[in-house]
Amino acid sequence: QEEIVVGAALPITGPFAGAGLQTLQGLQLAEHDINTAGGINGKKIRFQTEDTQVSNSVAINAFLKLDQAKLPFIFLSSFTVQNLATEPEVKKAKVAVMYGGGGVTIGEQNNPYMFRLRANDALRAAATAEAAMGVLKKKKIAIINVQDQFGNAIAELLRKKIVERGGEVVATETHNIRDTDFAPQLQKVKNSGAEALVVFGYIRDQALIIKQRRALGLTGIPMVSVTSVNEDSMLSLIALEDLENVIGVADAVFGEANPNGPKSVKFVDDFTARFKVPPDGFGSVYYDGAMMVAEALKKVGPDREKIRAYLAGLQNYKGVTGTFGAGANGDMLHAVSIVEFIPGKKAVRVVKNVTDK
Amino acid sequence: MPGSSIEFRVVILAVVLAILGIATFLSDYDLRLAILAILAAISVIGLYFAFGLAGMIHLAQGAFVGIGAYFSAVLVLRTGLSPWITVLIATAATTLISALLAYPMHRTKSHYLALITVGFNVSFEVIIRNWISMTGGYDGIGGIPLLRIGTPLRSELEFFYIAVAALIVCALIASLLRTSHIGRAMVAVRDDELAAAASGINVARTKTLAFVICSGYGGLSGALYAHYSGFISPDDFSLGRSIILLSMLIVGGEFSILGAIVGAVVLSYLPEWLRFVGGGYMAVFGLLMLGVLIIMPNGIMGSLRSRWRLAMSKDR
Amino acid sequence: MALWGRSGPVGGSPCRRTGEMERKILLETVGLECHFGGLRAVSNLDMRLERGKITALIGPNGAGKSTTINLLCGFVTPTAGRILLDGKDVTARPPHRLAKAGMVRTFQNGRLFSRMSVFENAQIGNSSRMAASVFDVVRRGLRWRTEEVNLRRRVRDLLDEFGLLADADRLVTELPYGKQRQVEMVRALAGSPDVLLLDEPAAGLNSVERENLALYLEELRGRGLTMLLVEHHMGLVMKVADHVVVLNFGSKIFEGTTEKTQKSSVVAEAYLGRRGIQHA
Amino acid sequence: MDLAIQQFAQLALNGVAVGCIYAIMAISVQLVYETTGVVNFATGQLVMVGAVVGASFAAIGSLGVGGIYTATLVSMAAMGIVFAITAYWPLQSRSISTVVIGTIAVGIFLQNVALMGFGPLPAKGFSPVGEGILNISGIVVPTHSIFAAVVSSALIGGLYIFLNYTSLGVQMRAIAQDIEAARLMGIQTTAVLGFTWALTWVFAGVGGLLLAPLWLVDVDVGDSVALKAFAAAIIGGFGSIPGAIVGGLIVGLNETFSAAYISTKYKDVVVFGVMIAFLLFKPRGIFGERISERG
Amino acid sequence: MLRCNDISVSYGSVKALSEVSLHVEANEIISLLGANGAGKTTLLRAISGLTATSGTVSLDGSSIDHLSPSRRVRAGVAQAPERRRIFPGLTVLENLTVATAAWKRLGVAYDEDLDRVYQLFPRLKERARQLGWSLSGGEQQMLAIGRALMSRPRVLLLDEPSLGLAPMLSEEVYERIAKINKQGMTVLLVEQNTAMALAYSTRAYVLEHGKIVLEGTAKVLAEHPRVREAYLGT
Ligand SMILES: Nc1ncnc2c1ncn2[C@@H]1O[C@H](COP(=O)(O)OP(=O)(O)OP(=O)(O)O)[C@@H](O)[C@H]1O
Ligand SMILES: Nc1ncnc2c1ncn2[C@@H]1O[C@H](COP(=O)(O)OP(=O)(O)OP(=O)(O)O)[C@@H](O)[C@H]1O
Ligand SMILES: [Mg+2]
Ligand SMILES: [Mg+2]
């Protein structure tokens with residue numbers, strides 16, 4: 001029996017392996033679901049993964065290896081720098097890819113083969129500004145961001161948004177992804193007279209900042225958390241009290257709150273049953289991406305150019321994360337949610353959805 | 001020195017020609033791996049001076065590769081000079097910069113020196129990431145013009161030839177230096193600094209020279225890389241990279257130039273060869289590296305050479 | 001076994017400075033002082049090495065002889081005092097510059113470059129005289145080629161003199177201790193020194209080899225080399241030294257000719273013992 | 001209290017707390033260096049393994065405080081012996097640099113095995129004293145930090161006495177300096193080296209257990225800390241235990257203060273800049289290295 | 001007491017020792033003579049188990065071939081090796097006490113052993129807290145001999161013990177060795193100072209090119225023309 005192979009270049013090892021693992025699980029679940037539902041017109045689908053580590057060079061190697069196998073479609077990682085590095089190769093190879101990196105710079109390359117599965121960082125920044133200024137109604141904002149492509153870029157986007165809306169950024173502090181002591185940053189925030197604090201980071205540093213924020217007595221300053229705020233992987237690291245005065249911006253809200261409710265609930269249940277962890281934004285968008293690619297394969301067959309054209313024309317696809325549709329710059333997901341915690345629980349409810357118009 | 005026999009030279013020539021010929025049949029992916037291995041080999045030959053000869057545990061070669069890459073990329077994009085020229089300028093500039101950095105290392109030895117280089121590499125990463133106006137920060141620099149000779153060949157193949165040529169020149173220069181009083185002085189300094197000084201060797205100068213030559217090779221390798229990949233960002237010049245580069249030398253055989261090349265090729269290819277292992281392939285990589293160190297006392301070339309010697313002595 | 005009897009054209013430099021002003025005293029220390037913590041390893045040492053003569057420096061274990069050599073060759077900076085080489089103050093100069101100025105030493109416990117062949121070890125001795133630059137080397141320029149050819153010839157001759165030519169390509173660590181000591185001598189001589197500081201050159205040699213060493217030292221002296229000889233083998237010292245300086249606890253306790261030294265009761269008490277000389 | 005002063009005091013305290021962890025790791029570096037002459041580039045991974053194993057035992061749930069600590073340290077000792085037999089012993093007669101690269105290889109191996117076994121997501125560490133926070137007139141300190149400081153001081157003191165005043169400790173140092181001579185003195189080098197590595201792993205294990213509740217556990221937890229620990233060892237001087245402590249504190253304080261008063265972006269550059277400056281004036285660190293050479 | 005049968009050692013293709021046999025009886029002082037490169041050091045290393053050898057070494061009639069170097073020391077064969085091999089980073093006192101690893105049990109004191117060494121070499125007592133690397137050549141030699149004594153050997157192997165010692169002291173060392181020998185320690189020594197060695201030993205072997213070419217009592221060998229010519233220089 002023939003099978004159709006789809007490529008995926010993901011960070012399986014190295015510091016980004018956390019996101020990589022969820023991505024892989026999302027794809028694995030999709031593989032299972034597609035094949036049990038009859039596969040691609042009777043053929044089985046299989047995802048072939050290659051590791052990208054944290055190196056651009058290795059990421060390109062991984063991509064080229066998959067490209068060499070003449071696969072009809074390839075998934076890339078969620079790391080903007082890797083996506084940027086691979087972009088010229090994608091153009092050369094003329095193969096459609098989906099990626100999860102939020103960086104606006106990738107979209108600006110105007111590469112017709114690149115499809116972004118997650119909300120871009122401009123949207124995320126806009127939602128964050130809305131959370132701080134619209135929902136919390138604060139004007140003096142402090143930002144702490146992780147020092148890397150994601151953190152620096154989104155902090156800058158947020159700063160612009162806040163200024164645009166007549167607010168003021170009173171402090172911008174940074175930290176390294178492996179930092180452990182955030183007292184200097186938090187003290188500067190305190191001294192700056194900020195009314196609200198926005199944090200862009202990854203799971204571990206975000207959790208540590210939330211913990212140390214309470215220890216240092218900064219719970220009076222409300223905090224907007226942008227990464228994994230509603231996800232078990234982060235919430236399991238902190239205590240309930242730590243969540244005092246925290247709201248967040250979430251890529252995906254699952255379950256009943258999700259616009260595609262029932263589908264989403266089933267996905268969460270299947271995912272959790274299979275991998276013993278609940279899905280996060282990475283797992284769900286790549287699951288959706290895989291499903292969309294499966295649709296494309298069913299409709300137009302394994303031809304690279306036809307798949308690209310199909311995806312470029314795709315609209316209103318109802319996935320487990322939200323509703324996808326090809327838009328400007330290859331963006332496919334157009335909404336994120338501002339969430340708040342239900343008192344006494346490590347669970348969130350949606351305050352507001354923010355879309356890119 | 002086996003290099004002196006005519007037979008040996010003929011063999012080498014044949015091998016080189018064969019490689020160049022076989023290359024035309026390779027896919028772009030295979031060529032890419034080969035090119036990356038060759039570029040790594042150039043910087044590892046640099047380490048052959050600093051570590052193999054002068055015994056300085058040098059864990060910042062990644063940074064010097066980065067300096068070369070950024071220097072050439074920025075220069076080419078700002079001035080519009082030909083990349084051929086900027087590669088040369090970048091190599092020279094890396095050499096000069098390393099001469100300045102060599103100063104604080106003058107009085108330190110072994111582990112202290114190793115850790116200074118670690119500090120230097122980490123600092124380099126931080127600076128490159130934050131000096132956004134110059135380096136583009138985390139986003140890196142894209143759209144760097146590629147090195148072309150202007151042949152109708154596939155661009156990967158063309159660059160492959162450029163890289164092979166660069167490697168041969170680098171290896172040749174290295175072997176000329178090794179067989180001179182300069183190379184001898186470096187080995188002497190590694191073996192016994194005190195006795196070297198008493199024999200009239202300026203230890204500080206010799207170490208500086210080894211360090212500077214090493215960085216020059218790194219700079220060249222980096223500049224070539226920039227004009228090969230067209231995109232550079234800080235991740236490619238991390239401390240981890242430096243550690244792997246040094247490992248390449250030791251796995252290949254720290255006492256020989258051929259060892260530097262072999263080590264670079266083996267450790268460049270190994271992760272790619274191991275991709276079939278799946279999730280745990282980097283663990284296997286670590287194990288294999290350890291295995292090579294255990295089974296082959298002086299690296300791959302070291303033990304090949306002693307095998308060869310043993311065979312020769314039995315023949316007689 | 002090493003046969004050093006053959007005489008050849010190599011050895012000390014044939015008096016490179018033949019100016020009118022040639023000084024009789026080539027190396028001189030004035031009030032030399034060296035302390036390690038509370039320990040005075042060398043104290044107030046005035047010593048003069050006459051050009052073309054062998055001066056012996058003797059004394060009990062720990063008297064400060066090796067420390068004196070370390071001071072002279074620039075390994076240790078004196079706590080006080082001055083060192084004059086050919087009238088110039090060279091105190092606290094780095095070792096490689098002193099080597100270039102013509103002062104070369106051997107080591108008490110032998111310090112060879114363990115990763116190099118005997119031949120390469122010997123070549124290193126001439127480092128301070130190599131002037132070719134990196135560019136000369138890479139171009140294989142004339143300057144480098146002449147230097148290298150001359151050096152090879154010189155080293156080959158020296159190894160031949162010491163009967164080490166057969167071992168030239170062996171790794172030094174494979175040689176027995178006695179031969180390693182000889183390689184060290186060759187290395188020191190390869191740099192054409194004016195002053196040779198020898199720290200126990202006879203240690204590890206048997207009496208026949210020692211005889212040969214004595215002859216060789218005399219020959220070197222004949223070629224105008226100035227030497228400081230630190231040695232515990234009194235037979236050797238008495239045979240070759242022109243002048244003897246005796247240290248005890250870092251201070252000079254006696255100085256004079258070999259005959260006077262043998263007769264001195266101070267020296268006998270501090271160093272030689274009653275029967276020392278006969279056994280040496 | 002004046003806010004500026006209070007914040008300064010808070011930063012100083014945090015710097016010391018971080019510095020203590022650096023010091024323990026620097027001690028682990030020193031221990032290996034003193035007893036084998038090798039700079040252990042897998043230090044970060046050893047600490048990580050300690051943290052990960054500790055977290056895994058804690059996750060079982062039924063083990064008590066003592067149970068978790070004992071189980072972790074016993075497994076660390078066992079792994080140390082396995083390491084000594086399979087990796088160190090075959091490399092021991094090689095040049096130091098080969099062994100150093102060997103430790104790098106082992107580090108890569110450990111990190112990736114841990115990644116497979118433990119997964120990439122961070123977990124909470126286990127603390128015997130809980131997650132409480134002490135508040136002393138506005139200056140806060142987690143109770144676990146105090147516990148960590150006490151335990152590590154005791155261990156460091158113990159190690160110092162052990163290495164310098166017990167026969168086994170002196171034997172361990174002798175082996176590092178000349179293993180053949182050590183054999184000629186009747187020292188059972190194989191057994192002693194096995195013990196050395198078991199001790200090293202246990203020490204790293206304690207480091208991992210202590211830092212886990214403060215910094216969370218994941219497979220990268222040792223990486224950047226190890227670099228700081230090396231810097232601490234350098235500043236203090238290799239082979240000196242007091243040096244490791246002083247070095248650790250200097251690096252910790254330097255890091256917090258430069259983040260607070262200079263730049264959060266460039267704080268690591270400042271840390272390594274200070275390290276290099278130290279070496280310009282004290283090429284062998286504050287306490288120097290005792291072994292030297294003479295002509 | 002100590003017996004070597006057909007010991008051969010080769011380094012690569014070079015044969016350093018070929019089928020050397022010798023025996024050392026209890027309470028003897030045996031000296032091993034030979035030019036440099038003859039293989040003396042190699043033989044001592046073979047006895048201590050530091051090189052791969054063929055042939056057998058036995059102590060008190062039982063083979064010690066299977067024993068590791070450290071076990072051989074525990075069995076009573078100690079060596080003061082060529083080049084002294086002092087532990088550079090240990091103090092003089094630590095250098096001495098570390099050698100008690102060969103027999104030390106918890107709570108057993110070594111003060112007497114230490115006193116004996118200090119008596120032999122008072123200089124070591126003065127330098128007790130000084131680190132090994134900083135000692136003078138002769139002081140290191142004293143330490144190497146003293147250290148070997150600390151392991152309470154029954155057979156002591158000495159590789160050029162007088163090397164680097166001042167004349168007065170080397171004589172004294174031989175006197176002391178002779179004295180300790182009388183108290184029941186057997187000695188096998190390699191020495192360049194042939195006259196002195198023969199003066200203190202009972203028997204001697206002459207090694208040339210890895211083979212034993214002469215053996216006999218010290219008195220006889222001292223008069224032997226071959227020895228006189230090659231090693232005594234007369
Ligand atoms: N760096 C040092 N630190 C402390 N003491 C030292 C140092 N160097 C030398 N000494 C001491 O200084 C004294 C003189 O040593 P030196 O090596 O000069 O003696 P020497 O005359 O050469 O003796 P020998 O004949 O035994 O070689 C010795 O007692 C030695 O222990
Ligand atoms: N590691 C080695 N590799 C190769 N050959 C060696 C090695 N060690 C010793 N030899 C050779 O073995 C022979 C015997 O050496 P050995 O050191 O035993 O001589 P020795 O009698 O002790 O001389 P000396 O009196 O100079 O110390 C020599 O020819 C030497 O070259
Ligand atoms: Mg001396
Ligand atoms: Mg010998």
# chains A, B, ... in the order shown; residues from 1 in each chain; ligands from 1

$ residues_near_ligand --ligand "ligand 3" --cutoff "7 Å" --atoms "only C-alpha atoms and all ligand atoms" --output "list in words"
Gly62, Lys65, Ser66, Gln108 and Asp199 of chain C; Ser136, Gly137 and Gly138 of chain E

$ closest_atom_pairs --of "chain C" --to "ligand 4" --cutoff "9 Å" --atoms "only C-alpha atoms and all ligand atoms" --output "tab-separated table"
residue	atom	partner	partner_atom_place_in_ligand_line	distance
C:Pro176	CA	ligand 4	1 (Mg)	5.9
C:Tyr177	CA	ligand 4	1 (Mg)	5.5
C:Gly178	CA	ligand 4	1 (Mg)	7.4
C:Gly204	CA	ligand 4	1 (Mg)	7.9

$ atom_distance --atom1 "atom CA of Thr202 of chain E" --atom2 "atom CA of Ala26 of chain E"
11.3 Å

$ residues_around --residues "segment 194-206 of chain D" --least-positions-apart "5" --cutoff "9 Å" --atoms "only C-alpha atoms" --output "ChimeraX atom specification"
/D:24-25,27-29,31-32,35-36,43-51,53-54,69,72-85,88-89,151-152,155,172,189,211

$ atom_distance --atom1 "atom CA of Asp115 of chain E" --atom2 "atom CA of Arg147 of chain E"
12.3 Å

$ residues_near_ligand --ligand "ligand 1" --cutoff "7 Å" --atoms "only C-alpha atoms and all ligand atoms" --output "count of residues only"
26

$ residues_near_ligand --ligand "ligand 2" --cutoff "9 Å" --atoms "only C-alpha atoms and all ligand atoms" --output "PyMOL selection string"
(chain C and resi 167+170-181+204-206) or (chain E and resi 9-17+33-45+82+159-160+190-192+207-210)

$ residues_around --residues "segment 61-77 of chain E" --least-positions-apart "5" --cutoff "8 Å" --atoms "only C-alpha atoms" --output "ChimeraX atom specification"
/D:183-189 /E:1-3,48-50,56,102-103,151-157

$ closest_residue --among "C:Lys88, C:His232, C:Arg115, C:Arg129" --to "chain E" --atoms "only C-alpha atoms"
C:His232

$ interface_residues --of "chain A" --to "chain B" --cutoff "10 Å" --atoms "only C-alpha atoms" --output "PyMOL selection string"
chain A and resi 12-14+49-51+53-58+60-68+80-82+84-89+103+105-106+147-153+176

$ write_last_selection --atoms "C-alpha atoms" --output "mmCIF file, in the first residue's frame"
data_model
loop_
_atom_site.group_PDB
_atom_site.id
_atom_site.type_symbol
_atom_site.label_atom_id
_atom_site.label_comp_id
_atom_site.auth_asym_id
_atom_site.auth_seq_id
_atom_site.Cartn_x
_atom_site.Cartn_y
_atom_site.Cartn_z
ATOM 1 C CA ILE A 12 13.485 17.949 18.423
ATOM 2 C CA THR A 13 16.613 18.671 20.478
ATOM 3 C CA GLY A 14 17.996 21.824 22.048
ATOM 4 C CA THR A 49 10.464 14.711 10.712
ATOM 5 C CA GLU A 50 13.978 16.101 10.686
ATOM 6 C CA ASP A 51 15.619 17.884 13.594
ATOM 7 C CA GLN A 53 18.276 21.960 16.650
ATOM 8 C CA VAL A 54 18.751 25.669 17.407
ATOM 9 C CA SER A 55 20.967 26.222 14.429
ATOM 10 C CA ASN A 56 19.878 27.940 11.231
ATOM 11 C CA SER A 57 22.369 25.958 9.313
ATOM 12 C CA VAL A 58 20.975 22.680 10.604
ATOM 13 C CA ILE A 60 18.323 24.504 6.330
ATOM 14 C CA ASN A 61 19.946 21.068 6.179
ATOM 15 C CA ALA A 62 16.751 19.547 7.503
ATOM 16 C CA PHE A 63 14.637 21.415 5.015
ATOM 17 C CA LEU A 64 16.855 20.498 2.085
ATOM 18 C CA LYS A 65 16.879 16.868 3.116
ATOM 19 C CA LEU A 66 13.081 16.861 2.966
ATOM 20 C CA ASP A 67 13.056 18.862 -0.217
ATOM 21 C CA GLN A 68 15.431 16.423 -1.820
ATOM 22 C CA THR A 80 11.293 32.980 13.305
ATOM 23 C CA VAL A 81 15.042 33.091 12.743
ATOM 24 C CA GLN A 82 15.022 29.564 11.384
ATOM 25 C CA LEU A 84 13.879 33.498 7.959
ATOM 26 C CA ALA A 85 16.986 31.496 7.194
ATOM 27 C CA THR A 86 15.038 28.810 5.359
ATOM 28 C CA GLU A 87 12.841 31.245 3.439
ATOM 29 C CA PRO A 88 15.165 31.710 0.416
ATOM 30 C CA GLU A 89 15.529 27.935 0.113
ATOM 31 C CA GLY A 103 7.725 37.336 13.484
ATOM 32 C CA THR A 105 9.623 40.005 9.172
ATOM 33 C CA ILE A 106 8.839 36.641 7.585
ATOM 34 C CA GLN A 147 16.157 38.656 24.798
ATOM 35 C CA ASP A 148 15.664 36.979 21.506
ATOM 36 C CA GLN A 149 14.080 37.471 18.148
ATOM 37 C CA PHE A 150 10.568 36.922 19.442
ATOM 38 C CA GLY A 151 10.856 39.001 22.593
ATOM 39 C CA ASN A 152 12.678 41.964 21.131
ATOM 40 C CA ALA A 153 10.474 42.215 18.077
ATOM 41 C CA ASN A 176 17.957 35.969 28.981
#

$ residues_around --residues "Tyr174 of chain E" --least-positions-apart "3" --cutoff "9 Å" --atoms "only C-alpha atoms" --output "list in words"
Pro161, Ser162, Leu169, Ser170, Glu171, Ile177, Ala178, Lys179, Met196, Ala197 and Tyr200 of chain E

$ write_last_selection --atoms "all heavy atoms" --output "PDB file, in the first residue's frame"
ATOM      1  N   PRO E 161      69.734   6.487  43.365  1.00  0.00           N
ATOM      2  CA  PRO E 161      69.411   7.259  44.579  1.00  0.00           C
ATOM      3  C   PRO E 161      70.368   8.409  44.848  1.00  0.00           C
ATOM      4  O   PRO E 161      69.966   9.384  45.471  1.00  0.00           O
ATOM      5  CB  PRO E 161      69.493   6.220  45.699  1.00  0.00           C
ATOM      6  CG  PRO E 161      70.370   5.150  45.165  1.00  0.00           C
ATOM      7  CD  PRO E 161      70.125   5.105  43.694  1.00  0.00           C
ATOM      8  N   SER E 162      71.587   8.330  44.361  1.00  0.00           N
ATOM      9  CA  SER E 162      72.517   9.409  44.714  1.00  0.00           C
ATOM     10  C   SER E 162      72.450  10.549  43.710  1.00  0.00           C
ATOM     11  O   SER E 162      73.138  11.546  43.866  1.00  0.00           O
ATOM     12  CB  SER E 162      73.946   8.871  44.779  1.00  0.00           C
ATOM     13  OG  SER E 162      74.409   8.602  43.477  1.00  0.00           O
ATOM     14  N   LEU E 169      76.179  13.944  51.453  1.00  0.00           N
ATOM     15  CA  LEU E 169      74.860  13.382  51.726  1.00  0.00           C
ATOM     16  C   LEU E 169      74.699  12.017  51.057  1.00  0.00           C
ATOM     17  O   LEU E 169      74.150  11.089  51.652  1.00  0.00           O
ATOM     18  CB  LEU E 169      73.773  14.342  51.232  1.00  0.00           C
ATOM     19  CG  LEU E 169      72.369  13.952  51.661  1.00  0.00           C
ATOM     20  CD1 LEU E 169      72.256  14.006  53.174  1.00  0.00           C
ATOM     21  CD2 LEU E 169      71.347  14.856  51.026  1.00  0.00           C
ATOM     22  N   SER E 170      75.218  11.884  49.843  1.00  0.00           N
ATOM     23  CA  SER E 170      74.989  10.612  49.173  1.00  0.00           C
ATOM     24  C   SER E 170      75.709   9.515  49.941  1.00  0.00           C
ATOM     25  O   SER E 170      75.203   8.389  50.066  1.00  0.00           O
ATOM     26  CB  SER E 170      75.412  10.663  47.708  1.00  0.00           C
ATOM     27  OG  SER E 170      76.715  11.113  47.575  1.00  0.00           O
ATOM     28  N   GLU E 171      76.832   9.843  50.471  1.00  0.00           N
ATOM     29  CA  GLU E 171      77.533   8.865  51.290  1.00  0.00           C
ATOM     30  C   GLU E 171      76.699   8.495  52.509  1.00  0.00           C
ATOM     31  O   GLU E 171      76.529   7.330  52.850  1.00  0.00           O
ATOM     32  CB  GLU E 171      78.827   9.513  51.760  1.00  0.00           C
ATOM     33  CG  GLU E 171      79.954   8.562  51.892  1.00  0.00           C
ATOM     34  CD  GLU E 171      81.201   9.347  52.263  1.00  0.00           C
ATOM     35  OE1 GLU E 171      81.584  10.238  51.460  1.00  0.00           O
ATOM     36  OE2 GLU E 171      81.708   9.114  53.345  1.00  0.00           O
ATOM     37  N   ILE E 177      71.151   3.429  54.220  1.00  0.00           N
ATOM     38  CA  ILE E 177      70.533   2.305  53.518  1.00  0.00           C
ATOM     39  C   ILE E 177      71.136   1.003  54.030  1.00  0.00           C
ATOM     40  O   ILE E 177      70.427   0.031  54.307  1.00  0.00           O
ATOM     41  CB  ILE E 177      70.729   2.442  51.991  1.00  0.00           C
ATOM     42  CG1 ILE E 177      69.857   3.586  51.474  1.00  0.00           C
ATOM     43  CG2 ILE E 177      70.377   1.152  51.276  1.00  0.00           C
ATOM     44  CD1 ILE E 177      70.077   3.909  50.020  1.00  0.00           C
ATOM     45  N   ALA E 178      72.434   1.031  54.193  1.00  0.00           N
ATOM     46  CA  ALA E 178      73.093  -0.166  54.713  1.00  0.00           C
ATOM     47  C   ALA E 178      72.553  -0.520  56.087  1.00  0.00           C
ATOM     48  O   ALA E 178      72.339  -1.696  56.416  1.00  0.00           O
ATOM     49  CB  ALA E 178      74.605   0.064  54.770  1.00  0.00           C
ATOM     50  N   LYS E 179      72.293   0.509  56.881  1.00  0.00           N
ATOM     51  CA  LYS E 179      71.812   0.277  58.236  1.00  0.00           C
ATOM     52  C   LYS E 179      70.394  -0.302  58.225  1.00  0.00           C
ATOM     53  O   LYS E 179      70.098  -1.281  58.905  1.00  0.00           O
ATOM     54  CB  LYS E 179      71.822   1.606  58.991  1.00  0.00           C
ATOM     55  CG  LYS E 179      71.773   1.461  60.483  1.00  0.00           C
ATOM     56  CD  LYS E 179      72.248   2.748  61.132  1.00  0.00           C
ATOM     57  CE  LYS E 179      71.478   2.991  62.406  1.00  0.00           C
ATOM     58  NZ  LYS E 179      71.512   4.407  62.798  1.00  0.00           N
ATOM     59  N   MET E 196      80.757   3.711  44.404  1.00  0.00           N
ATOM     60  CA  MET E 196      79.999   3.808  45.654  1.00  0.00           C
ATOM     61  C   MET E 196      79.024   2.633  45.767  1.00  0.00           C
ATOM     62  O   MET E 196      78.918   2.000  46.828  1.00  0.00           O
ATOM     63  CB  MET E 196      79.212   5.116  45.648  1.00  0.00           C
ATOM     64  CG  MET E 196      78.372   5.290  46.866  1.00  0.00           C
ATOM     65  SD  MET E 196      78.896   6.684  47.819  1.00  0.00           S
ATOM     66  CE  MET E 196      77.939   7.949  47.067  1.00  0.00           C
ATOM     67  N   ALA E 197      78.347   2.329  44.675  1.00  0.00           N
ATOM     68  CA  ALA E 197      77.372   1.245  44.712  1.00  0.00           C
ATOM     69  C   ALA E 197      78.047  -0.064  45.069  1.00  0.00           C
ATOM     70  O   ALA E 197      77.578  -0.806  45.940  1.00  0.00           O
ATOM     71  CB  ALA E 197      76.676   1.128  43.360  1.00  0.00           C
ATOM     72  N   TYR E 200      78.958  -0.636  48.713  1.00  0.00           N
ATOM     73  CA  TYR E 200      77.928  -0.922  49.713  1.00  0.00           C
ATOM     74  C   TYR E 200      77.133  -2.185  49.427  1.00  0.00           C
ATOM     75  O   TYR E 200      76.324  -2.604  50.236  1.00  0.00           O
ATOM     76  CB  TYR E 200      76.966   0.262  49.834  1.00  0.00           C
ATOM     77  CG  TYR E 200      77.567   1.401  50.622  1.00  0.00           C
ATOM     78  CD1 TYR E 200      78.228   2.443  49.995  1.00  0.00           C
ATOM     79  CD2 TYR E 200      77.473   1.400  52.009  1.00  0.00           C
ATOM     80  CE1 TYR E 200      78.781   3.472  50.710  1.00  0.00           C
ATOM     81  CE2 TYR E 200      78.036   2.431  52.743  1.00  0.00           C
ATOM     82  CZ  TYR E 200      78.687   3.460  52.090  1.00  0.00           C
ATOM     83  OH  TYR E 200      79.230   4.467  52.821  1.00  0.00           O
TER      84      TYR E 200
END

$ interface_residues --of "chain B" --to "chain C" --cutoff "9 Å" --atoms "only C-alpha atoms" --output "PyMOL selection string"
chain B and resi 172-174+176-177+180-182+184-185+187-192+194-203

$ residues_around --residues "segment 99-116 of chain D" --least-positions-apart "5" --cutoff "7 Å" --atoms "only C-alpha atoms" --output "ChimeraX atom specification"
/B:247,280,282-284,286-287,289-290,293 /D:38-42,45,91-92,94,219

$ atom_distance --atom1 "atom CA of Leu158 of chain C" --atom2 "atom CA of Asp242 of chain C"
25.0 Å

$ closest_residue --among "D:Ser224, D:Ser93, D:Ser127, D:Gln171" --to "chain E" --atoms "only C-alpha atoms"
D:Gln171

$ residues_around --residues "Leu90 of chain E" --least-positions-apart "3" --cutoff "10 Å" --atoms "only C-alpha atoms" --output "PyMOL selection string"
(chain D and resi 164+170-171+173-174+177+290-291) or (chain E and resi 86-87+93-96+98+129-133)

$ select_by_dssp --residues "segment 46-229 of chain D" --states "helix (DSSP H, G or I)" --output "NGL selection string"
:D and (46-60 or 65-91 or 96-118 or 143-165 or 167-177 or 179-184 or 189-215 or 223-229)

$ interface_residues --of "chain A" --to "chain D" --cutoff "6 Å" --atoms "only C-alpha atoms" --output "JSON, numbers by chain"
{"A": [17, 18, 174, 180, 184, 237]}

$ select_by_dssp --residues "segment 116-247 of chain D" --states "strand (DSSP E)" --output "list in words"
Ile133, Leu134, Asn135, Ile136, Ile139, Val140, Val141 and Pro142 of chain D
